[in-house]
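Enquirer: File name target.cif; file contents mmCIF, C-alpha atoms (C1' of nucleotides); full text below.
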```
data_run
loop_
_atom_site.label_atom_id
_atom_site.label_comp_id
_atom_site.auth_asym_id
_atom_site.auth_seq_id
_atom_site.Cartn_x
_atom_site.Cartn_y
_atom_site.Cartn_z
CA MET A 1 -22.69 18.67 -14.36
CA MET A 2 -20.93 15.43 -13.44
CA LYS A 3 -17.62 17.27 -13.50
CA ARG A 4 -18.89 19.92 -11.11
CA PHE A 5 -20.02 17.18 -8.74
CA LEU A 6 -16.59 15.53 -8.87
CA TYR A 7 -14.88 18.84 -8.18
CA SER A 8 -17.08 19.32 -5.14
CA ILE A 9 -16.13 15.88 -3.82
CA MET A 10 -12.47 16.69 -4.42
CA ALA A 11 -12.74 20.00 -2.59
CA ILE A 12 -14.38 18.32 0.37
CA THR A 13 -11.70 15.63 0.44
CA ILE A 14 -8.93 18.21 0.41
CA GLY A 15 -10.71 20.16 3.10
CA LEU A 16 -10.88 17.13 5.34
CA VAL A 17 -7.22 16.35 4.77
CA VAL A 18 -6.18 19.89 5.66
CA TYR A 19 -8.41 19.87 8.72
CA GLY A 20 -6.92 16.53 9.73
CA TYR A 21 -3.44 17.97 9.43
CA GLU A 22 -4.24 20.94 11.61
CA TYR A 23 -5.89 18.70 14.14
CA PHE A 24 -2.74 16.61 14.18
CA LEU A 25 -0.65 19.70 14.89
CA ASP A 26 -2.96 20.71 17.72
CA GLU A 27 -2.68 17.24 19.15
CA LYS A 28 1.08 17.48 18.97
CA GLU A 29 1.13 20.78 20.77
CA ARG A 30 -1.21 19.59 23.47
CA THR A 31 1.05 16.66 24.22
CA SER A 32 4.16 18.78 24.24
CA GLY A 33 7.24 16.84 25.04
CA VAL A 34 5.88 13.64 23.55
CA GLU A 35 7.20 12.70 20.17
CA VAL A 36 4.02 11.96 18.31
CA GLY A 37 5.82 11.43 15.03
CA LYS A 38 8.27 8.90 16.36
CA GLN A 39 7.52 5.22 16.49
CA THR A 40 10.13 3.30 18.38
CA LYS A 41 8.28 0.07 18.93
CA LYS A 42 9.42 -2.64 16.53
CA TYR A 43 6.65 -4.28 14.59
CA THR A 44 6.49 -7.76 16.06
CA ASN A 45 2.98 -9.07 15.66
CA THR A 46 4.32 -12.38 14.42
CA PHE A 47 1.24 -14.40 15.24
CA LEU A 48 -0.48 -13.80 11.93
CA LEU A 49 2.60 -13.68 9.70
CA PRO A 50 2.79 -16.04 6.73
CA ILE A 51 5.77 -18.29 6.16
CA SER A 52 8.62 -17.05 3.97
CA THR A 53 9.18 -19.41 1.05
CA THR A 54 12.34 -17.46 0.21
CA ASN A 55 13.87 -17.67 3.67
CA GLN A 56 14.22 -13.91 3.91
CA MET A 57 11.79 -12.35 6.31
CA ILE A 58 12.31 -8.74 7.30
CA HIS A 59 10.66 -6.85 10.13
CA HIS A 60 10.44 -3.11 9.78
CA GLU A 61 9.05 -0.80 12.41
CA ASN A 62 5.56 -0.84 10.95
CA TYR A 63 5.32 -3.81 8.60
CA SER A 64 6.99 -7.09 7.81
CA LEU A 65 7.85 -8.67 4.47
CA SER A 66 9.31 -11.70 2.76
CA TYR A 67 11.71 -10.74 0.00
CA SER A 68 12.14 -12.81 -3.16
CA GLU A 69 15.56 -12.09 -4.61
CA PRO A 70 14.88 -13.70 -8.04
CA HIS A 71 11.88 -11.42 -8.51
CA GLU A 72 13.45 -8.38 -6.82
CA GLN A 73 10.36 -7.70 -4.73
CA ALA A 74 8.42 -9.00 -1.77
CA GLU A 75 6.37 -12.17 -2.12
CA TRP A 76 4.22 -10.74 0.67
CA VAL A 77 4.01 -7.68 2.89
CA ALA A 78 2.04 -7.92 6.13
CA TYR A 79 0.90 -5.34 8.65
CA GLU A 80 -1.85 -4.51 11.05
CA LEU A 81 -4.03 -1.57 10.20
CA LYS A 82 -5.52 -0.37 13.45
CA LYS A 83 -8.45 1.97 13.71
CA GLU A 84 -6.27 4.58 15.41
CA HIS A 85 -3.85 4.47 12.46
CA LEU A 86 -6.43 6.18 10.27
CA THR A 87 -5.31 9.75 10.84
CA LYS A 88 -5.28 11.12 7.28
CA THR A 89 -2.34 13.35 7.97
CA ARG A 90 -0.79 14.59 4.77
CA PHE A 91 2.95 14.25 4.35
CA ASN A 92 5.08 15.10 1.35
CA ARG A 93 6.11 12.01 -0.56
CA PRO A 94 9.79 11.22 0.07
CA TYR A 95 12.12 9.47 -2.38
CA PHE A 96 12.19 5.72 -2.56
CA GLU A 97 15.18 4.14 -0.87
CA VAL A 98 16.82 0.79 -1.37
CA ASP A 99 15.96 -1.36 1.63
CA GLU A 100 19.27 -1.99 3.36
CA ALA A 101 17.69 -4.71 5.49
CA VAL A 102 17.51 -6.97 2.44
CA LYS A 103 20.74 -8.94 2.68
CA THR A 104 20.74 -10.00 -0.97
CA GLY A 105 20.29 -6.40 -2.08
CA ALA A 106 16.87 -4.93 -2.76
CA ALA A 107 16.02 -3.55 -6.18
CA HIS A 108 16.95 0.02 -7.01
CA TRP A 109 14.09 2.37 -7.80
CA ARG A 110 15.79 3.17 -11.14
CA ASN A 111 14.48 -0.13 -12.47
CA TYR A 112 11.04 1.46 -12.44
CA LYS A 113 12.10 4.73 -14.02
CA LYS A 114 10.48 5.13 -17.43
CA SER A 115 9.45 1.48 -17.35
CA GLY A 116 5.85 2.43 -17.92
CA TYR A 117 4.95 0.90 -14.56
CA ASP A 118 4.09 2.51 -11.25
CA ARG A 119 6.10 1.91 -8.11
CA GLY A 120 3.06 0.35 -6.55
CA HIS A 121 3.08 0.25 -2.77
CA LEU A 122 2.25 -3.09 -1.15
CA CYS A 123 1.86 -1.60 2.31
CA PRO A 124 0.13 1.60 1.15
CA ALA A 125 1.51 4.97 2.21
CA GLY A 126 -2.08 5.86 2.98
CA ASP A 127 -2.20 3.18 5.68
CA ARG A 128 0.86 4.57 7.52
CA THR A 129 -0.05 8.21 8.00
CA PHE A 130 0.04 8.13 11.80
CA SER A 131 3.64 9.31 11.83
CA LYS A 132 6.16 10.78 9.42
CA ALA A 133 8.52 7.89 10.15
CA ALA A 134 5.87 5.27 9.45
CA TYR A 135 4.87 7.04 6.25
CA ASN A 136 8.45 7.30 5.01
CA GLU A 137 9.09 3.68 5.86
CA THR A 138 6.65 2.59 3.17
CA PHE A 139 8.93 4.20 0.58
CA LEU A 140 11.43 1.34 0.58
CA THR A 141 12.01 -0.58 -2.64
CA SER A 142 11.22 -3.83 -0.82
CA ASN A 143 7.66 -2.56 -0.42
CA ILE A 144 6.83 -1.99 -4.09
CA SER A 145 5.83 -4.00 -7.14
CA PRO A 146 5.62 -2.86 -10.75
CA GLN A 147 1.97 -2.03 -11.32
CA ARG A 148 0.08 -0.68 -14.26
CA HIS A 149 -1.03 2.83 -13.41
CA ASP A 150 -4.64 2.23 -14.41
CA PHE A 151 -4.74 -0.82 -12.14
CA ASN A 152 -2.97 0.89 -9.22
CA SER A 153 -5.08 4.01 -9.31
CA GLY A 154 -8.15 2.03 -10.26
CA ILE A 155 -9.54 -1.10 -8.65
CA TRP A 156 -6.45 -1.68 -6.49
CA ASN A 157 -6.84 1.79 -5.01
CA THR A 158 -10.54 1.13 -4.52
CA LEU A 159 -9.71 -2.00 -2.52
CA GLU A 160 -7.11 -0.16 -0.43
CA GLN A 161 -9.72 2.40 0.49
CA LYS A 162 -12.17 -0.36 1.32
CA VAL A 163 -9.56 -1.85 3.64
CA ARG A 164 -9.38 1.46 5.48
CA TYR A 165 -13.16 1.48 5.70
CA TRP A 166 -13.11 -2.01 7.20
CA ALA A 167 -10.30 -1.11 9.60
CA HIS A 168 -12.50 1.66 10.90
CA LYS A 169 -15.67 -0.42 10.96
CA TYR A 170 -14.20 -3.56 12.53
CA ASP A 171 -11.65 -1.83 14.78
CA GLY A 172 -8.60 -2.94 12.83
CA VAL A 173 -7.67 -5.61 10.32
CA PHE A 174 -4.52 -7.57 9.59
CA VAL A 175 -3.43 -7.32 5.96
CA VAL A 176 -1.24 -9.55 3.77
CA THR A 177 -0.63 -8.47 0.20
CA GLY A 178 1.60 -9.08 -2.79
CA GLY A 179 1.96 -10.07 -6.40
CA VAL A 180 1.76 -13.69 -7.53
CA LEU A 181 5.39 -14.45 -8.40
CA LYS A 182 4.83 -17.49 -10.58
CA GLY A 183 4.89 -18.38 -14.26
CA GLU A 184 6.08 -16.26 -17.14
CA MET A 185 6.50 -12.64 -16.18
CA LYS A 186 7.72 -9.54 -17.91
CA THR A 187 10.68 -7.85 -16.24
CA ILE A 188 11.76 -4.22 -15.97
CA GLY A 189 15.12 -2.55 -15.47
CA THR A 190 18.67 -3.85 -15.33
CA GLU A 191 17.88 -5.90 -12.24
CA LYS A 192 14.94 -7.55 -14.00
CA VAL A 193 12.20 -6.78 -11.53
CA ALA A 194 9.35 -9.18 -12.32
CA VAL A 195 5.96 -7.77 -13.29
CA PRO A 196 3.34 -9.97 -11.60
CA ASN A 197 0.37 -11.09 -13.68
CA GLN A 198 -1.87 -11.18 -10.62
CA PHE A 199 -2.08 -9.40 -7.27
CA TYR A 200 -3.71 -10.64 -4.09
CA LYS A 201 -4.77 -9.18 -0.77
CA ILE A 202 -5.88 -11.14 2.28
CA LEU A 203 -7.57 -9.62 5.31
CA ILE A 204 -8.18 -11.16 8.69
CA ASP A 205 -10.18 -9.69 11.53
CA ASN A 206 -9.41 -11.44 14.79
CA ASN A 207 -10.67 -8.71 17.09
CA THR A 208 -13.70 -10.72 18.07
CA ASP A 209 -14.34 -14.38 18.79
CA LYS A 210 -15.83 -14.69 15.35
CA ILE A 211 -12.61 -14.45 13.37
CA LYS A 212 -13.26 -13.64 9.76
CA MET A 213 -11.15 -13.71 6.64
CA ILE A 214 -11.49 -12.45 3.11
CA ALA A 215 -9.19 -12.74 0.12
CA PHE A 216 -9.04 -10.97 -3.22
CA LEU A 217 -7.26 -11.94 -6.41
CA PHE A 218 -7.00 -9.61 -9.39
CA PRO A 219 -5.55 -10.02 -12.83
CA HIS A 220 -3.01 -7.24 -13.37
CA GLU A 221 -5.45 -4.99 -15.18
CA ASN A 222 -7.98 -2.43 -14.19
CA SER A 223 -11.62 -3.36 -13.93
CA LYS A 224 -14.90 -1.60 -13.39
CA LYS A 225 -16.47 -4.67 -11.86
CA PRO A 226 -17.46 -4.55 -8.19
CA LEU A 227 -14.86 -5.73 -5.68
CA HIS A 228 -16.85 -8.72 -4.47
CA GLU A 229 -16.46 -10.38 -7.85
CA PHE A 230 -12.75 -10.81 -7.06
CA VAL A 231 -13.21 -12.63 -3.78
CA VAL A 232 -11.54 -16.04 -3.66
CA SER A 233 -10.58 -18.48 -0.92
CA VAL A 234 -7.23 -18.16 0.84
CA ASP A 235 -6.64 -21.77 -0.16
CA SER A 236 -6.68 -20.83 -3.82
CA ILE A 237 -4.05 -18.14 -3.23
CA GLU A 238 -1.93 -20.59 -1.28
CA LYS A 239 -2.08 -22.96 -4.23
CA LEU A 240 -1.08 -20.20 -6.64
CA THR A 241 1.76 -18.79 -4.56
CA GLY A 242 2.94 -21.75 -2.51
CA ILE A 243 2.73 -19.58 0.62
CA ASP A 244 1.17 -20.88 3.85
CA PHE A 245 -0.53 -17.75 5.10
CA PHE A 246 -1.70 -18.35 8.65
CA PRO A 247 0.25 -21.35 9.94
CA GLN A 248 -0.21 -20.37 13.58
CA LEU A 249 -3.96 -20.45 13.56
CA GLU A 250 -5.45 -23.55 15.12
CA ASP A 251 -5.70 -26.11 12.30
CA THR A 252 -9.43 -26.76 12.12
CA LEU A 253 -10.09 -23.03 12.30
CA GLU A 254 -7.45 -22.33 9.68
CA ASN A 255 -8.88 -24.96 7.38
CA ARG A 256 -12.41 -23.72 7.71
CA LEU A 257 -11.56 -20.05 7.21
CA GLU A 258 -9.12 -20.58 4.38
CA ALA A 259 -11.42 -22.82 2.40
CA SER A 260 -14.19 -20.26 2.40
CA SER A 261 -14.83 -17.65 -0.24
CA ASN A 262 -17.92 -16.46 1.58
CA TYR A 263 -17.78 -12.72 2.07
CA LYS A 264 -21.12 -12.16 3.79
CA ALA A 265 -19.43 -11.15 7.04
CA TRP A 266 -17.78 -8.19 5.30
CA ARG A 267 -19.89 -5.17 4.49
CA PHE A 268 -19.15 -3.68 1.10
CA ASN A 269 -21.11 -0.46 1.52
"C1'" DC B 1 -6.44 8.69 -2.68
"C1'" DT B 2 -3.03 6.33 -6.43
"C1'" DG B 3 1.02 7.95 -9.00
"C1'" DA B 4 4.80 10.33 -12.78
"C1'" DT B 5 7.27 14.10 -14.73
"C1'" DC B 6 8.94 18.81 -15.50
"C1'" DT B 7 11.39 22.91 -13.73
"C1'" DT B 8 14.74 25.05 -11.06
"C1'" DC B 9 18.65 25.16 -8.39
"C1'" DG C 1 20.35 14.81 -7.00
"C1'" DA C 2 16.86 17.53 -4.14
"C1'" DA C 3 12.64 19.98 -3.78
"C1'" DG C 4 8.56 22.20 -5.46
"C1'" DA C 5 5.06 22.72 -9.03
"C1'" DT C 6 2.21 20.58 -12.18
"C1'" DC C 7 -0.32 16.92 -14.35
"C1'" DA C 8 -3.16 12.41 -14.74
"C1'" DG C 9 -6.37 8.24 -13.29
#
```
Would you encode the structure as structure tokens?
Expert:
Amino acid sequence: MMKRFLYSIMAITIGLVVYGYEYFLDEKERTSGVEVGKQTKKYTNTFLLPISTTNQMIHHENYSLSYSEPHEQAEWVAYELKKEHLTKTRFNRPYFEVDEAVKTGAAHWRNYKKSGYDRGHLCPAGDRTFSKAAYNETFLTSNISPQRHDFNSGIWNTLEQKVRYWAHKYDGVFVVTGGVLKGEMKTIGTEKVAVPNQFYKILIDNNTDKIKMIAFLFPHENSKKPLHEFVVSVDSIEKLTGIDFFPQLEDTLENRLEASSNYKAWRFN
DNA sequence: CTGATCTTC
DNA sequence: GAAGATCAG
């Protein structure tokens, strides 16, 4: 009975995705001559970017990151998820590519091969479905961390979907995410890509005068607990990671927002 | 949605 | 190695 219900949900989901794809094609035809799938504008919303403790910040077309060479992954990835980005177009997954923008040499995807860990997106592919180029751009090795599959497809995936829900509800959110690259960590592959013991995600909504923030911190394991149990203050993540997340916010505002672990302003259902 | 792996060329 | 089919949470 339960299984039948799940199958129904799945069928509906697939149906919506297919419909979305066809709608996208129609849109493309209607605006003939305009390259819908091509984003040429460089991603330069630097106002809300964290500092790079590794002195290697990289701006891609549709997200920015700070690469940590010793850990062979980003210490953070940041991007804006706008409401109009939520198109649900379905693209075929491309192959991961080494990010040539990383001067010190980004990790090769082979490090993850048969490691037992997922190539877990930091900027999710599902958040960049508004163009083929934007989607493919998330498949750079500078945008992934080794993640347990049960975690990635479990509570982490649940949070990513909640972020999309909030982006729709609050007309866009700014997202900063990464693994905590501190302490003793397992490594994978010949390049010794570190396996973080914790992952964080910070959201800020500055679309209204009442700016709001929320931060999540998870141990690197799946959980069936509700998301709100993983809410922490931004301050606590700054202490863990050594990263100053929103240095350009006015100080008293920054202090007040970052000290809070109050999530009442964010609807969870 | 989040992914890996197997088959075929 | 590339691309499609298949499988799993």
Enquirer: With 8 Å as the limit and counting only C-alpha atoms (C1' of nucleotides), what residues in chain A lie close to chain C? Please list them as a list in words.
Expert: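 The complete set of qualifying residues is His149, Asp150, Ser153 and Gly154 of chain A.
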Enquirer: Residues of chain B no more than 9 Å from chain A, counting all atoms listed in the file: send them over as a list in words.
Expert: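 Applying the cut-off to the listed atoms yields DC1, DT2, DG3 and DA4 of chain B.
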Enquirer: Can you tell me how far CA of Leu249 (chain A) sits from CA of Ile211 (chain A), in Å to one decimal?
Expert: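 Those two atoms sit 10.5 Å apart.
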Enquirer: Take the PyMOL selection byres ((chain A and resi 138) around 9), apply it to the structure above, and return the hits as number ranges by chain.
Expert: A: 62-63, 96, 121-125, 128, 133-137, 139-144
Enquirer: Could you tell me which of A:Phe130, A:Tyr165, A:Tyr200, A:Trp266 comes closest to Lys88 (chain A) if we count all atoms listed in the file?
Expert: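 Result for the nearest residue to Lys88 (chain A): A:Phe130.
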Enquirer: Around all listed atoms of region 222-237 of chain A, padded 6 Å per side, what centre and edge lengths does the axis-aligned box have in Å to one decimal, as AutoDock Vina command-line options?
Expert:
```
--center_x -10.8 --center_y -11.7 --center_z -6.7 --size_x 25.4 --size_y 32.2 --size_z 27.0
```
Enquirer: How many Å separate CA of Asn197 (chain A) from CA of Glu221 (chain A)?
Expert: 8.6 Å
Enquirer: Could you tell me how far CA of Trp109 (chain A) lies from CA of Lys186 (chain A), in Å and to one decimal?
Expert: 16.9 Å
Enquirer: With only C-alpha atoms as the atoms that count, which of A:Leu181, A:Val195, A:Met213, A:Leu81 lies nearest to Thr129 (chain A)?
Expert: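 Under the stated criterion, the closest residue is A:Leu81.
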Enquirer: Can you translate the PyMOL selection byres ((chain A and resi 66-72) around 10) into the concrete residues it hits in this file, as number ranges by chain?
Expert: A: 49-59, 64-65, 73-78, 102-108, 141-145, 178, 181-182, 185, 187, 191-196
Enquirer: Determine, counting all atoms listed in the file, which protein, DNA and RNA residues have an atom within 10 Å of an atom of Ser236 (chain A); residues of the same chain fewer than 6 positions away are not included. Present the result as a PDB file with C-alpha atoms, keeping the file's coordinate frame.
Expert:
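The file below, selection34.pdb, is the result:
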```
ATOM      1  CA  ALA A 215      -9.190 -12.740   0.120  1.00  0.00           C
ATOM      2  CA  LEU A 217      -7.260 -11.940  -6.410  1.00  0.00           C
ATOM      3  CA  GLY A 242       2.940 -21.750  -2.510  1.00  0.00           C
ATOM      4  CA  GLU A 258      -9.120 -20.580   4.380  1.00  0.00           C
ATOM      5  CA  ALA A 259     -11.420 -22.820   2.400  1.00  0.00           C
ATOM      6  CA  SER A 260     -14.190 -20.260   2.400  1.00  0.00           C
ATOM      7  CA  SER A 261     -14.830 -17.650  -0.240  1.00  0.00           C
TER       8      SER A 261
END
```
